[in-house]
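**Student:** Sharing model_13.pdb below, PDB, C-alpha atoms:
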ATOM      1  CA  MET A   1     -15.636  11.628   4.666
ATOM      2  CA  THR A   2     -14.305   8.541   6.471
ATOM      3  CA  THR A   3     -16.708   6.748   8.774
ATOM      4  CA  PHE A   4     -14.304   7.522  11.621
ATOM      5  CA  PRO A   5     -15.304  11.072  12.656
ATOM      6  CA  ASP A   6     -12.783  11.052  15.501
ATOM      7  CA  ARG A   7      -9.926  10.024  13.157
ATOM      8  CA  PRO A   8      -9.153  12.999  10.899
ATOM      9  CA  ASN A   9      -5.601  11.992   9.997
ATOM     10  CA  THR A  10      -4.119  10.387   6.902
ATOM     11  CA  ALA A  11      -1.343   7.774   6.765
ATOM     12  CA  LEU A  12       0.839   6.539   3.923
ATOM     13  CA  LEU A  13       0.753   2.740   3.682
ATOM     14  CA  VAL A  14       3.755   1.192   1.865
ATOM     15  CA  ILE A  15       2.937  -2.431   1.085
ATOM     16  CA  ASP A  16       5.378  -5.267   0.345
ATOM     17  CA  VAL A  17       8.098  -3.437  -1.567
ATOM     18  CA  GLN A  18      10.375  -6.362  -0.854
ATOM     19  CA  ASN A  19      13.217  -7.801  -2.929
ATOM     20  CA  GLY A  20      11.354 -11.010  -3.783
ATOM     21  CA  VAL A  21       8.196  -9.112  -4.716
ATOM     22  CA  MET A  22       9.863  -6.376  -6.749
ATOM     23  CA  ASP A  23      12.254  -8.647  -8.645
ATOM     24  CA  GLY A  24      10.860  -8.491 -12.168
ATOM     25  CA  ALA A  25       8.030  -6.112 -11.254
ATOM     26  CA  HIS A  26       6.646  -3.882 -14.007
ATOM     27  CA  ASP A  27       8.288  -0.421 -14.078
ATOM     28  CA  ARG A  28      10.127  -1.287 -10.850
ATOM     29  CA  ASP A  29      12.520   1.659 -10.646
ATOM     30  CA  ALA A  30       9.927   4.330 -11.454
ATOM     31  CA  VAL A  31       7.481   2.885  -8.911
ATOM     32  CA  ILE A  32      10.154   2.825  -6.202
ATOM     33  CA  ALA A  33      11.151   6.410  -7.047
ATOM     34  CA  ASN A  34       7.501   7.480  -6.705
ATOM     35  CA  ILE A  35       7.179   5.668  -3.384
ATOM     36  CA  ASN A  36      10.328   7.428  -2.175
ATOM     37  CA  ALA A  37       8.786  10.779  -3.185
ATOM     38  CA  LEU A  38       5.617   9.911  -1.247
ATOM     39  CA  VAL A  39       7.609   8.875   1.832
ATOM     40  CA  ASP A  40       9.614  12.120   1.704
ATOM     41  CA  LYS A  41       6.449  14.193   1.359
ATOM     42  CA  ALA A  42       4.694  12.345   4.187
ATOM     43  CA  ARG A  43       7.660  12.799   6.493
ATOM     44  CA  ALA A  44       7.947  16.495   5.626
ATOM     45  CA  GLU A  45       4.259  16.931   6.518
ATOM     46  CA  ASN A  46       4.457  14.794   9.702
ATOM     47  CA  VAL A  47       2.117  12.224   8.190
ATOM     48  CA  PRO A  48       2.520   8.677   9.572
ATOM     49  CA  VAL A  49       4.292   6.254   7.255
ATOM     50  CA  VAL A  50       3.327   2.646   7.934
ATOM     51  CA  TRP A  51       5.342  -0.130   6.317
ATOM     52  CA  VAL A  52       3.864  -3.569   5.584
ATOM     53  CA  GLN A  53       6.013  -6.650   5.037
ATOM     54  CA  HIS A  54       4.695  -9.995   3.811
ATOM     55  CA  SER A  55       5.937 -13.372   5.047
ATOM     56  CA  SER A  56       5.189 -16.613   3.198
ATOM     57  CA  GLU A  57       6.793 -19.789   1.896
ATOM     58  CA  HIS A  58       8.324 -17.630  -0.884
ATOM     59  CA  LEU A  59       9.179 -14.694   1.382
ATOM     60  CA  ILE A  60      10.790 -16.396   4.338
ATOM     61  CA  ARG A  61      11.326 -14.067   7.285
ATOM     62  CA  ASP A  62      14.862 -12.627   7.441
ATOM     63  CA  SER A  63      15.775 -13.952   3.979
ATOM     64  CA  GLU A  64      17.102 -11.632   1.262
ATOM     65  CA  SER A  65      13.849 -11.881  -0.700
ATOM     66  CA  TRP A  66      11.856 -10.895   2.425
ATOM     67  CA  GLN A  67      13.878  -7.689   2.971
ATOM     68  CA  TYR A  68      12.597  -4.341   1.747
ATOM     69  CA  VAL A  69      14.330  -3.085  -1.410
ATOM     70  CA  PRO A  70      17.509  -1.149  -0.554
ATOM     71  CA  GLU A  71      16.244   2.025  -2.252
ATOM     72  CA  LEU A  72      13.665   2.506   0.531
ATOM     73  CA  THR A  73      14.574   3.217   4.130
ATOM     74  CA  ARG A  74      12.186   2.827   7.028
ATOM     75  CA  ARG A  75      12.875   4.915  10.109
ATOM     76  CA  ASP A  76      12.824   3.166  13.479
ATOM     77  CA  SER A  77       9.963   5.446  14.543
ATOM     78  CA  GLU A  78       7.795   4.231  11.634
ATOM     79  CA  PRO A  79       5.672   1.152  12.358
ATOM     80  CA  LEU A  80       6.294  -2.097  10.525
ATOM     81  CA  VAL A  81       3.336  -4.446  10.123
ATOM     82  CA  ASP A  82       4.165  -8.102   9.527
ATOM     83  CA  LYS A  83       1.476  -9.900   7.537
ATOM     84  CA  SER A  84       0.780 -13.350   6.142
ATOM     85  CA  TYR A  85      -2.371 -12.590   4.108
ATOM     86  CA  GLY A  86      -3.119 -10.306   1.170
ATOM     87  CA  ASP A  87      -5.193  -7.858   3.215
ATOM     88  CA  SER A  88      -2.786  -5.876   5.414
ATOM     89  CA  PHE A  89      -5.476  -5.714   8.117
ATOM     90  CA  GLU A  90      -6.021  -9.473   8.357
ATOM     91  CA  ASP A  91      -4.508 -10.926  11.539
ATOM     92  CA  THR A  92      -2.181  -7.899  12.058
ATOM     93  CA  ASP A  93      -1.977  -4.901  14.370
ATOM     94  CA  LEU A  94      -2.561  -2.414  11.517
ATOM     95  CA  GLU A  95      -5.986  -1.313  12.760
ATOM     96  CA  ALA A  96      -4.644  -0.613  16.258
ATOM     97  CA  LEU A  97      -1.678   1.346  14.853
ATOM     98  CA  LEU A  98      -3.993   3.500  12.743
ATOM     99  CA  ALA A  99      -6.439   4.066  15.603
ATOM    100  CA  GLU A 100      -3.582   5.216  17.881
ATOM    101  CA  ARG A 101      -2.635   7.805  15.258
ATOM    102  CA  GLY A 102      -6.191   8.981  14.592
ATOM    103  CA  VAL A 103      -6.064   7.770  10.981
ATOM    104  CA  GLY A 104      -9.271   7.478   8.972
ATOM    105  CA  ARG A 105      -7.776   7.838   5.486
ATOM    106  CA  LEU A 106      -5.065   5.782   3.804
ATOM    107  CA  VAL A 107      -2.831   6.600   0.853
ATOM    108  CA  VAL A 108      -1.734   3.249  -0.583
ATOM    109  CA  ALA A 109       1.392   2.359  -2.585
ATOM    110  CA  GLY A 110       3.446  -0.795  -3.150
ATOM    111  CA  ALA A 111       2.992  -4.279  -4.583
ATOM    112  CA  GLN A 112       1.418  -6.396  -5.907
ATOM    113  CA  THR A 113      -1.416  -4.584  -7.641
ATOM    114  CA  ASP A 114      -3.565  -7.663  -8.263
ATOM    115  CA  ALA A 115      -3.003  -9.196  -4.847
ATOM    116  CA  CYS A 116      -2.007  -7.331  -1.693
ATOM    117  CA  ILE A 117      -2.772  -3.834  -3.016
ATOM    118  CA  ARG A 118      -6.328  -4.749  -4.066
ATOM    119  CA  SER A 119      -6.928  -6.820  -0.943
ATOM    120  CA  THR A 120      -5.769  -4.034   1.349
ATOM    121  CA  LEU A 121      -7.738  -1.341  -0.490
ATOM    122  CA  HIS A 122     -10.910  -3.384  -0.160
ATOM    123  CA  GLY A 123     -10.073  -4.340   3.422
ATOM    124  CA  ALA A 124      -9.645  -0.686   4.343
ATOM    125  CA  PHE A 125     -12.793   0.358   2.534
ATOM    126  CA  VAL A 126     -15.076  -2.215   4.163
ATOM    127  CA  ARG A 127     -13.627  -1.301   7.572
ATOM    128  CA  GLY A 128     -14.665   2.344   7.061
ATOM    129  CA  TYR A 129     -11.518   4.015   5.743
ATOM    130  CA  ASP A 130     -11.237   6.397   2.838
ATOM    131  CA  ALA A 131      -8.576   4.876   0.592
ATOM    132  CA  THR A 132      -6.478   6.621  -2.040
ATOM    133  CA  LEU A 133      -4.567   4.494  -4.546
ATOM    134  CA  VAL A 134      -1.476   6.179  -5.969
ATOM    135  CA  VAL A 135      -1.759   5.271  -9.655
ATOM    136  CA  ASP A 136       1.953   5.426 -10.469
ATOM    137  CA  ALA A 137       3.243   3.987  -7.194
ATOM    138  CA  HIS A 138       2.022   0.377  -7.358
ATOM    139  CA  THR A 139       3.092  -2.508  -9.540
ATOM    140  CA  THR A 140       2.853  -6.210 -10.226
ATOM    141  CA  GLU A 141       4.743  -8.961 -11.991
ATOM    142  CA  ASP A 142       3.975 -10.396 -15.410
ATOM    143  CA  LEU A 143       1.560 -13.296 -14.958
ATOM    144  CA  THR A 144       0.470 -13.573 -18.600
ATOM    145  CA  GLN A 145       1.720 -17.176 -18.740
ATOM    146  CA  TYR A 146      -1.098 -17.994 -16.290
ATOM    147  CA  GLY A 147      -3.746 -16.187 -18.350
ATOM    148  CA  ALA A 148      -3.594 -12.792 -16.642
ATOM    149  CA  PRO A 149      -3.520  -9.571 -18.658
ATOM    150  CA  PRO A 150      -0.120  -7.854 -19.056
ATOM    151  CA  PRO A 151       0.994  -5.900 -15.946
ATOM    152  CA  GLU A 152       0.303  -2.476 -17.461
ATOM    153  CA  GLN A 153      -3.314  -3.542 -18.092
ATOM    154  CA  VAL A 154      -3.717  -4.946 -14.573
ATOM    155  CA  ILE A 155      -2.431  -1.648 -13.157
ATOM    156  CA  ALA A 156      -4.581   0.487 -15.475
ATOM    157  CA  HIS A 157      -7.722  -1.511 -14.677
ATOM    158  CA  THR A 158      -7.131  -1.273 -10.934
ATOM    159  CA  ASN A 159      -6.590   2.486 -11.234
ATOM    160  CA  LEU A 160      -9.782   2.807 -13.280
ATOM    161  CA  TYR A 161     -12.111   0.901 -11.006
ATOM    162  CA  TRP A 162     -10.673   2.274  -7.752
ATOM    163  CA  GLU A 163     -11.331   5.865  -8.842
ATOM    164  CA  GLY A 164     -15.077   5.274  -8.676
ATOM    165  CA  GLN A 165     -15.377   3.535  -5.303
ATOM    166  CA  LEU A 166     -18.135   5.036  -3.162
ATOM    167  CA  ALA A 167     -20.025   3.790  -0.137
ATOM    168  CA  PRO A 168     -21.916   5.480   2.686
ATOM    169  CA  GLY A 169     -19.467   7.667   4.571
ATOM    170  CA  ARG A 170     -16.359   6.751   2.604
ATOM    171  CA  ARG A 171     -14.748   6.977  -0.796
ATOM    172  CA  GLY A 172     -11.938   5.636  -2.899
ATOM    173  CA  GLU A 173      -9.844   7.725  -5.228
ATOM    174  CA  ALA A 174      -6.928   7.209  -7.584
ATOM    175  CA  VAL A 175      -4.329   9.958  -8.016
ATOM    176  CA  ALA A 176      -0.793  10.344  -9.345
ATOM    177  CA  THR A 177       2.166  10.806  -7.008
ATOM    178  CA  ALA A 178       2.484  14.472  -7.961
ATOM    179  CA  ASP A 179      -1.163  15.072  -7.008
ATOM    180  CA  VAL A 180      -1.240  13.284  -3.654
ATOM    181  CA  SER A 181      -2.535  15.388  -0.811
ATOM    182  CA  PHE A 182      -2.257  14.135   2.733
ATOM    183  CA  ASP A 183      -4.954  16.576   3.822
ATOM    184  CA  ALA A 184      -7.925  14.447   4.894
ATOM    185  CA  ALA A 185     -10.363  17.108   3.667
TER     186      ALA A 185
END
What is this file in structure tokens?
**Tutor:**
Amino acid sequence: MTTFPDRPNTALLVIDVQNGVMDGAHDRDAVIANINALVDKARAENVPVVWVQHSSEHLIRDSESWQYVPELTRRDSEPLVDKSYGDSFEDTDLEALLAERGVGRLVVAGAQTDACIRSTLHGAFVRGYDATLVVDAHTTEDLTQYGAPPPEQVIAHTNLYWEGQLAPGRRGEAVATADVSFDAA
């Protein structure tokens, strides 16, 4: 259904599962285990796995907090997108990497739900991609001291509203890790 008729493939996008992002993240270990399951499934089905890594004043390049969590291992053959904005497409080579691989649909996992996950989902959607959010493979930190809802509510709300995303020629969906299909149909 993607607006890219010549791009029938799906890719798994793993966003910002870095030490400094995941430290204190809600349900950290379960989310990482689900992401690992998705990565294994994608690799077994020859689906591209694209890794995204955020750099900022809090995630300084090459620092320990900037590194991906040790439980996840990127293969050298899997692209790594370096970003400085919430939307993984903004000022990166992500679009070119996806075009080279004929990708018109993204399966999205990672952190943080209320920042880079939402920004990237919307960025993909407005660019013409179908975008699947994996409901049990994204997380955020507790920002209740700043007036935000508790993390489990932020995650649940994002899952709820992403399920219903529709626009001409594209759709959003929200599915559990166990139900992810990399088949673009």
**Student:** Using all atoms listed in the file, which residue out of A:Val103, A:Ala174, A:Ile32, A:Cys116 lies closest to Phe4 in chain A?
**Tutor:**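 Selected residue with least distance to Phe4 in chain A: A:Val103.
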**Student:** Can you tell me which residues surround Thr139 in chain A at a distance of at most 10 Å, considering all atoms listed in the file, apart from same-chain residues fewer than 2 positions away, and format the answer as an mmCIF file with C-alpha atoms, in the coordinates of the input?
**Tutor:**
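Generated file (out_0.cif):
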data_model
loop_
_atom_site.group_PDB
_atom_site.id
_atom_site.type_symbol
_atom_site.label_atom_id
_atom_site.label_comp_id
_atom_site.auth_asym_id
_atom_site.auth_seq_id
_atom_site.Cartn_x
_atom_site.Cartn_y
_atom_site.Cartn_z
ATOM 1 C CA VAL A 17 8.098 -3.437 -1.567
ATOM 2 C CA VAL A 21 8.196 -9.112 -4.716
ATOM 3 C CA MET A 22 9.863 -6.376 -6.749
ATOM 4 C CA ALA A 25 8.030 -6.112 -11.254
ATOM 5 C CA HIS A 26 6.646 -3.882 -14.007
ATOM 6 C CA ASP A 27 8.288 -0.421 -14.078
ATOM 7 C CA ARG A 28 10.127 -1.287 -10.850
ATOM 8 C CA ALA A 30 9.927 4.330 -11.454
ATOM 9 C CA VAL A 31 7.481 2.885 -8.911
ATOM 10 C CA ILE A 32 10.154 2.825 -6.202
ATOM 11 C CA ALA A 109 1.392 2.359 -2.585
ATOM 12 C CA GLY A 110 3.446 -0.795 -3.150
ATOM 13 C CA ALA A 111 2.992 -4.279 -4.583
ATOM 14 C CA GLN A 112 1.418 -6.396 -5.907
ATOM 15 C CA THR A 113 -1.416 -4.584 -7.641
ATOM 16 C CA ASP A 114 -3.565 -7.663 -8.263
ATOM 17 C CA ILE A 117 -2.772 -3.834 -3.016
ATOM 18 C CA VAL A 135 -1.759 5.271 -9.655
ATOM 19 C CA ASP A 136 1.953 5.426 -10.469
ATOM 20 C CA ALA A 137 3.243 3.987 -7.194
ATOM 21 C CA GLU A 141 4.743 -8.961 -11.991
ATOM 22 C CA ASP A 142 3.975 -10.396 -15.410
ATOM 23 C CA PRO A 151 0.994 -5.900 -15.946
ATOM 24 C CA GLU A 152 0.303 -2.476 -17.461
ATOM 25 C CA VAL A 154 -3.717 -4.946 -14.573
ATOM 26 C CA ILE A 155 -2.431 -1.648 -13.157
#
**Student:** On this file, the PyMOL selection byres ((chain A and resi 46) around 12) gives some set of residues; write that set as a PDB file with C-alpha atoms, in the coordinates of the input.
**Tutor:**
ATOM      1  CA  ASN A   9      -5.601  11.992   9.997  1.00  0.00           C
ATOM      2  CA  THR A  10      -4.119  10.387   6.902  1.00  0.00           C
ATOM      3  CA  ALA A  11      -1.343   7.774   6.765  1.00  0.00           C
ATOM      4  CA  LEU A  12       0.839   6.539   3.923  1.00  0.00           C
ATOM      5  CA  VAL A  39       7.609   8.875   1.832  1.00  0.00           C
ATOM      6  CA  ASP A  40       9.614  12.120   1.704  1.00  0.00           C
ATOM      7  CA  LYS A  41       6.449  14.193   1.359  1.00  0.00           C
ATOM      8  CA  ALA A  42       4.694  12.345   4.187  1.00  0.00           C
ATOM      9  CA  ARG A  43       7.660  12.799   6.493  1.00  0.00           C
ATOM     10  CA  ALA A  44       7.947  16.495   5.626  1.00  0.00           C
ATOM     11  CA  GLU A  45       4.259  16.931   6.518  1.00  0.00           C
ATOM     12  CA  VAL A  47       2.117  12.224   8.190  1.00  0.00           C
ATOM     13  CA  PRO A  48       2.520   8.677   9.572  1.00  0.00           C
ATOM     14  CA  VAL A  49       4.292   6.254   7.255  1.00  0.00           C
ATOM     15  CA  SER A  77       9.963   5.446  14.543  1.00  0.00           C
ATOM     16  CA  GLU A  78       7.795   4.231  11.634  1.00  0.00           C
ATOM     17  CA  ARG A 101      -2.635   7.805  15.258  1.00  0.00           C
ATOM     18  CA  PHE A 182      -2.257  14.135   2.733  1.00  0.00           C
ATOM     19  CA  ASP A 183      -4.954  16.576   3.822  1.00  0.00           C
TER      20      ASP A 183
END
**Student:** Determine the nearest neighbour of Ile15 in chain A from the options A:Pro150, A:Gly102, A:Gly169, A:Gly86, counting all atoms listed in the file.
**Tutor:**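 Closest to Ile15 in chain A, using all atoms listed in the file: A:Gly86.
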**Student:** I'd like the interatomic distance between CA of Val52 in chain A and CA of Gly172 in chain A, to a tenth of an Å.
**Tutor:** 20.2 Å
**Student:** Running the PyMOL selection byres ((chain A and resi 68) around 12) on this model by hand, what would come out? Give it as a compact mmCIF listing (two decimals) with C-alpha atoms, keeping the file's coordinate frame.
**Tutor:**
# COMPACT_ATOMS: atom_id res chain seq x y z
CA VAL A 14 3.76 1.19 1.86
CA ILE A 15 2.94 -2.43 1.08
CA ASP A 16 5.38 -5.27 0.34
CA VAL A 17 8.10 -3.44 -1.57
CA GLN A 18 10.38 -6.36 -0.85
CA ASN A 19 13.22 -7.80 -2.93
CA GLY A 20 11.35 -11.01 -3.78
CA VAL A 21 8.20 -9.11 -4.72
CA MET A 22 9.86 -6.38 -6.75
CA ASP A 23 12.25 -8.65 -8.64
CA ILE A 32 10.15 2.82 -6.20
CA TRP A 51 5.34 -0.13 6.32
CA VAL A 52 3.86 -3.57 5.58
CA GLN A 53 6.01 -6.65 5.04
CA HIS A 54 4.70 -9.99 3.81
CA SER A 55 5.94 -13.37 5.05
CA LEU A 59 9.18 -14.69 1.38
CA ARG A 61 11.33 -14.07 7.28
CA ASP A 62 14.86 -12.63 7.44
CA SER A 63 15.78 -13.95 3.98
CA GLU A 64 17.10 -11.63 1.26
CA SER A 65 13.85 -11.88 -0.70
CA TRP A 66 11.86 -10.90 2.42
CA GLN A 67 13.88 -7.69 2.97
CA VAL A 69 14.33 -3.08 -1.41
CA PRO A 70 17.51 -1.15 -0.55
CA GLU A 71 16.24 2.02 -2.25
CA LEU A 72 13.66 2.51 0.53
CA THR A 73 14.57 3.22 4.13
CA ARG A 74 12.19 2.83 7.03
CA LEU A 80 6.29 -2.10 10.52
CA GLY A 110 3.45 -0.80 -3.15
CA ALA A 111 2.99 -4.28 -4.58
**Student:** Using only C-alpha atoms, which residues sit within 12 Å of Pro168 in chain A once same-chain residues fewer than 5 positions away are excluded, as number ranges by chain?
**Tutor:** A: 1-4, 125-130
**Student:** For the atom pair CA of Ser84 in chain A and CA of Glu100 in chain A, what is the interatomic distance in Å to one decimal place?
**Tutor:** 22.4 Å
**Student:** May I have the residues within 10 Å of Asp93 in chain A as a PyMOL selection string, using all atoms listed in the file and disregarding those fewer than 3 positions away in the same chain?
**Tutor:** chain A and resi 79-83+88-90+96-98
**Student:** Between CA of Thr132 in chain A and CA of Pro149 in chain A, what is the distance, to one decimal in Å?
**Tutor:**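 Between CA of Thr132 in chain A and CA of Pro149 in chain A the gap is 23.4 Å.
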**Student:** When you count all atoms listed in the file, which of these residues is closest to Ala124 in chain A: A:Gln153, A:Thr158, A:Gln165, A:Ser181?
**Tutor:**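 Among the listed residues, A:Gln165 lies closest to Ala124 in chain A.
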**Student:** My list of candidates is A:His122, A:Arg7, A:Arg75, A:His138. Which is closest to Arg171 in chain A when distances are computed with only C-alpha atoms?
**Tutor:**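 Using only C-alpha atoms, the shortest distance to Arg171 in chain A belongs to A:His122.
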**Student:** With all atoms listed in the file as the basis for distance, which of A:Leu160, A:Leu38, A:Ala176, A:Ala131 is at the shortest distance from Gly104 in chain A?
**Tutor:**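 Between A:Leu160, A:Leu38, A:Ala176, A:Ala131, the residue approaching Gly104 in chain A most closely is A:Ala131.
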**Student:** Kindly provide, as JSON, the centre and edge lengths (Å, one decimal) of an axis-aligned box around all atoms of range 119-134 of chain A given in the file, with 4 Å on each side.
**Tutor:**
{"center_x": -8.3, "center_y": -0.1, "center_z": 0.8, "size_x": 21.6, "size_y": 21.4, "size_z": 21.5}
**Student:** Which residue out of A:Tyr146, A:Pro8, A:Ala99, A:Tyr85 has the minimum interatomic distance to Ser56 in chain A when only C-alpha atoms are used?
**Tutor:**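 Answer, going by the shortest atom-to-atom distance: A:Tyr85.
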**Student:** For range 157-169 of chain A, which lacks atoms in the input, supply N, CA, C and O atoms and format the output as a tab-separated table (two decimals), in the frame of the given file.
**Tutor:**
chain	number	residue	atom	x	y	z
A	157	HIS	N	-6.37	-1.12	-15.08
A	157	HIS	CA	-7.72	-1.51	-14.68
A	157	HIS	C	-7.96	-1.23	-13.19
A	157	HIS	O	-9.02	-0.73	-12.80
A	158	THR	N	-7.00	-1.54	-12.37
A	158	THR	CA	-7.13	-1.27	-10.93
A	158	THR	C	-7.28	0.22	-10.68
A	158	THR	O	-8.13	0.64	-9.90
A	159	ASN	N	-6.47	1.03	-11.36
A	159	ASN	CA	-6.59	2.49	-11.23
A	159	ASN	C	-7.98	2.96	-11.65
A	159	ASN	O	-8.60	3.79	-10.99
A	160	LEU	N	-8.48	2.41	-12.75
A	160	LEU	CA	-9.78	2.81	-13.28
A	160	LEU	C	-10.92	2.48	-12.31
A	160	LEU	O	-11.74	3.34	-11.98
A	161	TYR	N	-10.97	1.26	-11.84
A	161	TYR	CA	-12.11	0.90	-11.01
A	161	TYR	C	-12.00	1.48	-9.60
A	161	TYR	O	-13.01	1.74	-8.96
A	162	TRP	N	-10.77	1.72	-9.11
A	162	TRP	CA	-10.67	2.27	-7.75
A	162	TRP	C	-11.11	3.74	-7.70
A	162	TRP	O	-11.65	4.20	-6.69
A	163	GLU	N	-10.94	4.45	-8.78
A	163	GLU	CA	-11.33	5.86	-8.84
A	163	GLU	C	-12.80	6.06	-8.50
A	163	GLU	O	-13.18	7.05	-7.90
A	164	GLY	N	-13.64	5.10	-8.84
A	164	GLY	CA	-15.08	5.27	-8.68
A	164	GLY	C	-15.66	4.65	-7.43
A	164	GLY	O	-16.89	4.55	-7.31
A	165	GLN	N	-14.84	4.20	-6.50
A	165	GLN	CA	-15.38	3.54	-5.30
A	165	GLN	C	-16.09	4.52	-4.39
A	165	GLN	O	-15.52	5.52	-3.96
A	166	LEU	N	-17.34	4.24	-4.10
A	166	LEU	CA	-18.14	5.04	-3.16
A	166	LEU	C	-18.97	4.11	-2.30
A	166	LEU	O	-19.45	3.08	-2.77
A	167	ALA	N	-19.14	4.50	-1.06
A	167	ALA	CA	-20.02	3.79	-0.14
A	167	ALA	C	-20.44	4.80	0.92
A	167	ALA	O	-19.81	5.87	1.04
A	168	PRO	N	-21.49	4.52	1.68
A	168	PRO	CA	-21.92	5.48	2.69
A	168	PRO	C	-20.77	5.87	3.63
A	168	PRO	O	-20.15	5.01	4.25
A	169	GLY	N	-20.47	7.15	3.65
A	169	GLY	CA	-19.47	7.67	4.57
A	169	GLY	C	-18.02	7.46	4.19
A	169	GLY	O	-17.12	7.75	4.97
